[in-house]
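Following: one structure in structure tokens, then a few remarks.
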Amino acid sequence: MLIEELRPKTLDEVIGQELTIKILKGFIKKGKLPHMLFYGKTGTGKTTSAIALARDFYGEDWQDYFMEKNASDDRRLQDVRTKVKDVAKITVLDKPFKILFLDEVDSMDYLGQNALRRIMEKYSDRTVFILSCNYKNKLIEPLRNRCVDFHFHQLSLDELQEYIKRVCNENNIDIKPKAIEALAEASKGSVRTILSTIEKFIATDIKEVTKRTVENYTNKITDKDLITLISLTKQKQISQVDAYIDNVILAKGYEPQEILEKMRQFIKETKLIYHKDKPKILQLLGDIDYRISQGATPEIQLKTFFCYLIYKIRK
């Protein structure tokens, strides 16, 4: 798999996080590691950098001193008190400490985070914690304050495009300039998404990749689909809007969140919607995005948005 084959082995191989990598290498040089918080969107290199840090710090035997757990599996108070604590209290004899990497810490509940904070305090003499999450603001302040935090930002479009060119060249894939732009945009800054898409090209023996190829392989919603939806809403055709979402949009495999994000960009730029209507529509998109993040059903929220447009948008 390309994702594993091309995963950076050392901090020097990590791309796009120059300042973070410089500081992490400084910690290694001094031989001491603080508790750390890696936060940022999926696919920006948080897990990769944690593993590369362990490799650089411990050398060939790094796996003996690096442990990884997904905090979403141990989100409750009792899980933290047992599973996480059992790992944290283990002492390594030939090293000053081990590293415990906890991913998706923002999925832990309030009591679980408080328990984790106490465990970090109690076992800091033998365990360095690296916490990883998408949303830093979902962590309680006492937990954040015990870590040196690092923001993993999305790579720029230029960086992503250069990376796509390099990987495709190495795998003898002829990818057209428009396709490179489309894949960089569809990845939303995630190197993992880029590699998994190129993996699909390799699996199906595609030697020439066009923009349409990228749209097909990434289930990227097209402007044509959005224009059709907007036209139906302006005609107040609620049943047709509902049917189009079910039979075309969702049937193509588009994710509701992706559709809403594409709508956000489309609304900003389109002339199909009056400028005065745009702020309220964009505000609703933000509200719906929040509801989905709190567990609301994405498909229902997507249809709710278009029902709102039917009654608010002007012909």
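Note on naming: chains are A, B, ... as they come in the structure tokens, residues start from 1 per chain, ligands start from 1 in the order shown.
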
Could you give me, as a tab-separated table, every segment 86-188 of chain A residue with an atom at most 12 Å from segment 257-269 of chain A, plus its closest atom pair and distance in Å to one decimal, counting only C-alpha atoms, rows ordered by chain then number?
residue	atom	partner	partner_atom	distance
A:Glu185	CA	A:Lys262	CA	10.9
A:Ala186	CA	A:Glu258	CA	9.6
A:Ser187	CA	A:Glu258	CA	11.1
A:Lys188	CA	A:Glu258	CA	10.1

#### Entry: Residues within 10 Å of Lys220 of chain A, only C-alpha atoms, excluding chain neighbours under 2 positions, as a list in words
Ala182, Leu183, Glu185, Ala186, Ser187, Arg212, Val214, Glu215, Asn216, Tyr217, Thr218, Thr222, Asp223, Lys252, Gly253, Tyr254, Glu255, Glu258, Ile259 and Lys262 of chain A

Non-local contacts of segment 163-165 of chain A (8 Å; only C-alpha atoms; under 3 positions in same chain excluded) as an mmCIF file with N, CA and C atoms, in the first residue's frame:
data_model
loop_
_atom_site.group_PDB
_atom_site.id
_atom_site.type_symbol
_atom_site.label_atom_id
_atom_site.label_comp_id
_atom_site.auth_asym_id
_atom_site.auth_seq_id
_atom_site.Cartn_x
_atom_site.Cartn_y
_atom_site.Cartn_z
ATOM 1 N N GLU A 159 2.076 22.773 -2.560
ATOM 2 C CA GLU A 159 2.780 21.629 -1.963
ATOM 3 C C GLU A 159 2.091 20.315 -2.321
ATOM 4 N N LEU A 160 0.771 20.326 -2.278
ATOM 5 C CA LEU A 160 0.018 19.122 -2.616
ATOM 6 C C LEU A 160 0.222 18.732 -4.079
ATOM 7 N N CYS A 168 3.015 10.308 -8.744
ATOM 8 C CA CYS A 168 2.541 9.780 -10.022
ATOM 9 C C CYS A 168 3.702 9.465 -10.955
ATOM 10 N N ASN A 169 4.701 10.328 -10.985
ATOM 11 C CA ASN A 169 5.883 10.064 -11.817
ATOM 12 C C ASN A 169 6.591 8.785 -11.385
ATOM 13 N N ILE A 175 -0.479 12.006 -15.349
ATOM 14 C CA ILE A 175 -1.589 12.772 -14.784
ATOM 15 C C ILE A 175 -1.574 14.186 -15.356
ATOM 16 N N ILE A 180 -4.261 17.142 -11.662
ATOM 17 C CA ILE A 180 -3.451 17.411 -10.463
ATOM 18 C C ILE A 180 -4.145 18.442 -9.588
ATOM 19 N N ALA A 184 -5.655 17.688 -5.847
ATOM 20 C CA ALA A 184 -5.190 18.500 -4.720
ATOM 21 C C ALA A 184 -6.364 19.139 -3.993
ATOM 22 N N ILE A 194 -4.852 11.633 -0.975
ATOM 23 C CA ILE A 194 -4.121 11.627 -2.250
ATOM 24 C C ILE A 194 -3.569 10.236 -2.543
#

### Query
Between A:Met108, A:Leu282, A:Ile3, A:Ile15, which has the minimum distance to Ser156 of chain A (counting only C-alpha atoms)?
A:Ile15

### Selected residue, from A:Val167, A:Thr82, A:Gln113, A:Phe66, that lies nearest to Lys95 of chain A when counting only C-alpha atoms
A:Phe66

### Task
Any chance you could list, as number ranges by chain, the residues in segment 117-226 of chain A that come up strand (DSSP E or B) when DSSP is run on the backbone?
A: 127-133, 148-151, 174-175, 208-209

### Message
Would you pick out the contacts of segment 37-43 of chain A at 8 Å or less, using only C-alpha atoms, so that residues sharing its chain but fewer than 2 positions from it are not included, and give the list as an MDAnalysis selection string?
### Response
chainID A and resid 35 45:46 130:136 144 147:154 189:193

Write the residues you've just listed into a file as an mmCIF file, in the first residue's frame, and include N, CA and C atoms for each of them.
data_model
loop_
_atom_site.group_PDB
_atom_site.id
_atom_site.type_symbol
_atom_site.label_atom_id
_atom_site.label_comp_id
_atom_site.auth_asym_id
_atom_site.auth_seq_id
_atom_site.Cartn_x
_atom_site.Cartn_y
_atom_site.Cartn_z
ATOM 1 N N HIS A 35 5.132 16.243 27.514
ATOM 2 C CA HIS A 35 3.843 15.810 26.989
ATOM 3 C C HIS A 35 3.488 16.741 25.836
ATOM 4 N N GLY A 45 -0.599 14.551 9.087
ATOM 5 C CA GLY A 45 0.691 14.001 9.522
ATOM 6 C C GLY A 45 0.889 13.864 11.021
ATOM 7 N N LYS A 46 -0.171 13.873 11.794
ATOM 8 C CA LYS A 46 -0.037 13.808 13.253
ATOM 9 C C LYS A 46 0.525 12.451 13.699
ATOM 10 N N ILE A 130 1.689 11.673 24.032
ATOM 11 C CA ILE A 130 1.433 12.500 22.854
ATOM 12 C C ILE A 130 -0.044 12.335 22.536
ATOM 13 N N LEU A 131 -0.802 13.391 22.740
ATOM 14 C CA LEU A 131 -2.235 13.375 22.461
ATOM 15 C C LEU A 131 -2.474 13.906 21.054
ATOM 16 N N SER A 132 -3.423 13.328 20.374
ATOM 17 C CA SER A 132 -3.718 13.747 19.012
ATOM 18 C C SER A 132 -5.217 13.933 18.846
ATOM 19 N N CYS A 133 -5.599 15.012 18.169
ATOM 20 C CA CYS A 133 -7.030 15.264 17.956
ATOM 21 C C CYS A 133 -7.217 16.174 16.750
ATOM 22 N N ASN A 134 -8.448 16.238 16.277
ATOM 23 C CA ASN A 134 -8.789 17.153 15.197
ATOM 24 C C ASN A 134 -9.124 18.537 15.731
ATOM 25 N N TYR A 135 -9.817 18.568 16.886
ATOM 26 C CA TYR A 135 -10.315 19.831 17.417
ATOM 27 C C TYR A 135 -9.791 20.072 18.829
ATOM 28 N N LYS A 136 -8.854 20.970 18.948
ATOM 29 C CA LYS A 136 -8.230 21.295 20.225
ATOM 30 C C LYS A 136 -9.245 21.848 21.221
ATOM 31 N N ARG A 144 -5.141 20.419 28.145
ATOM 32 C CA ARG A 144 -4.336 21.162 27.161
ATOM 33 C C ARG A 144 -3.119 21.802 27.815
ATOM 34 N N CYS A 147 0.343 20.057 28.108
ATOM 35 C CA CYS A 147 1.020 19.646 26.876
ATOM 36 C C CYS A 147 1.616 20.846 26.149
ATOM 37 N N VAL A 148 2.702 20.588 25.449
ATOM 38 C CA VAL A 148 3.199 21.538 24.458
ATOM 39 C C VAL A 148 2.424 21.232 23.182
ATOM 40 N N ASP A 149 1.687 22.215 22.687
ATOM 41 C CA ASP A 149 0.819 21.904 21.554
ATOM 42 C C ASP A 149 1.437 22.293 20.214
ATOM 43 N N PHE A 150 1.075 21.506 19.208
ATOM 44 C CA PHE A 150 1.574 21.708 17.843
ATOM 45 C C PHE A 150 0.395 21.611 16.876
ATOM 46 N N HIS A 151 0.224 22.664 16.093
ATOM 47 C CA HIS A 151 -0.851 22.658 15.097
ATOM 48 C C HIS A 151 -0.329 22.086 13.791
ATOM 49 N N PHE A 152 -0.952 21.014 13.315
ATOM 50 C CA PHE A 152 -0.600 20.418 12.026
ATOM 51 C C PHE A 152 -1.544 20.993 10.971
ATOM 52 N N HIS A 153 -1.020 21.894 10.177
ATOM 53 C CA HIS A 153 -1.848 22.581 9.183
ATOM 54 C C HIS A 153 -1.904 21.799 7.886
ATOM 55 N N GLN A 154 -2.916 22.083 7.112
ATOM 56 C CA GLN A 154 -3.023 21.466 5.794
ATOM 57 C C GLN A 154 -1.922 21.996 4.887
ATOM 58 N N GLY A 189 -6.365 18.821 1.668
ATOM 59 C CA GLY A 189 -5.140 18.907 2.456
ATOM 60 C C GLY A 189 -4.647 17.593 3.014
ATOM 61 N N SER A 190 -5.330 16.502 2.726
ATOM 62 C CA SER A 190 -4.967 15.200 3.289
ATOM 63 C C SER A 190 -4.077 14.414 2.331
ATOM 64 N N VAL A 191 -2.844 14.176 2.747
ATOM 65 C CA VAL A 191 -1.935 13.350 1.951
ATOM 66 C C VAL A 191 -2.474 11.925 1.861
ATOM 67 N N ARG A 192 -3.126 11.472 2.927
ATOM 68 C CA ARG A 192 -3.689 10.123 2.942
ATOM 69 C C ARG A 192 -4.724 9.955 1.834
ATOM 70 N N THR A 193 -5.564 10.969 1.629
ATOM 71 C CA THR A 193 -6.571 10.904 0.565
ATOM 72 C C THR A 193 -5.911 10.850 -0.802
#

### Query
Running DSSP on the backbone, which parts of segment 12-258 of chain A land in alpha helix (DSSP H), as an MDAnalysis selection string?
chainID A and resid 18:30 46:58 77:79 85:88 110:122 141:144 157:170 177:187 191:203 211:218 223:234 238:244 256:258

### Message
If I take atom CA of Leu116 of chain A and atom CA of Tyr65 of chain A, how far is one from the other in Å, to one decimal?
### Response
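Interatomic distance, atom CA of Leu116 of chain A to atom CA of Tyr65 of chain A: 19.8 Å.
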
So that I can see what lies close to Phe129 of chain A, please list as a PDB file with N, CA and C atoms, in the first residue's frame the residues with an atom at most 7 Å from it, counting only C-alpha atoms and leaving out residues fewer than 5 positions away in the same chain.
ATOM      1  N   HIS A  35       5.132  16.243  27.514  1.00  0.00           N
ATOM      2  CA  HIS A  35       3.843  15.810  26.989  1.00  0.00           C
ATOM      3  C   HIS A  35       3.488  16.741  25.836  1.00  0.00           C
ATOM      4  N   MET A  36       2.885  16.193  24.788  1.00  0.00           N
ATOM      5  CA  MET A  36       2.596  16.989  23.599  1.00  0.00           C
ATOM      6  C   MET A  36       1.169  16.784  23.120  1.00  0.00           C
ATOM      7  N   ILE A  99       6.851   6.289  25.209  1.00  0.00           N
ATOM      8  CA  ILE A  99       5.882   7.212  24.626  1.00  0.00           C
ATOM      9  C   ILE A  99       4.552   6.493  24.464  1.00  0.00           C
ATOM     10  N   LEU A 100       3.481   7.122  24.935  1.00  0.00           N
ATOM     11  CA  LEU A 100       2.131   6.611  24.714  1.00  0.00           C
ATOM     12  C   LEU A 100       1.390   7.614  23.830  1.00  0.00           C
ATOM     13  N   PHE A 101       1.077   7.184  22.623  1.00  0.00           N
ATOM     14  CA  PHE A 101       0.389   8.031  21.647  1.00  0.00           C
ATOM     15  C   PHE A 101      -1.104   7.737  21.713  1.00  0.00           C
TER      16      PHE A 101
END

### Message
If we count only C-alpha atoms and set the cut-off at 9 Å, which residues sit around Arg117 of chain A, ignoring sequence neighbours fewer than 3 positions away in its own chain? Please answer as a list in words.
### Response
Gly112, Gln113, Asn114, Met120, Glu121, Lys122, Pro142, Leu143 and Arg146 of chain A

### Task
Check the smallest atom-to-atom distance from each of A:Thr270, A:Thr213, A:Ser107, A:Thr91 to Asp125 of chain A using only C-alpha atoms, then report the winner.
A:Thr91
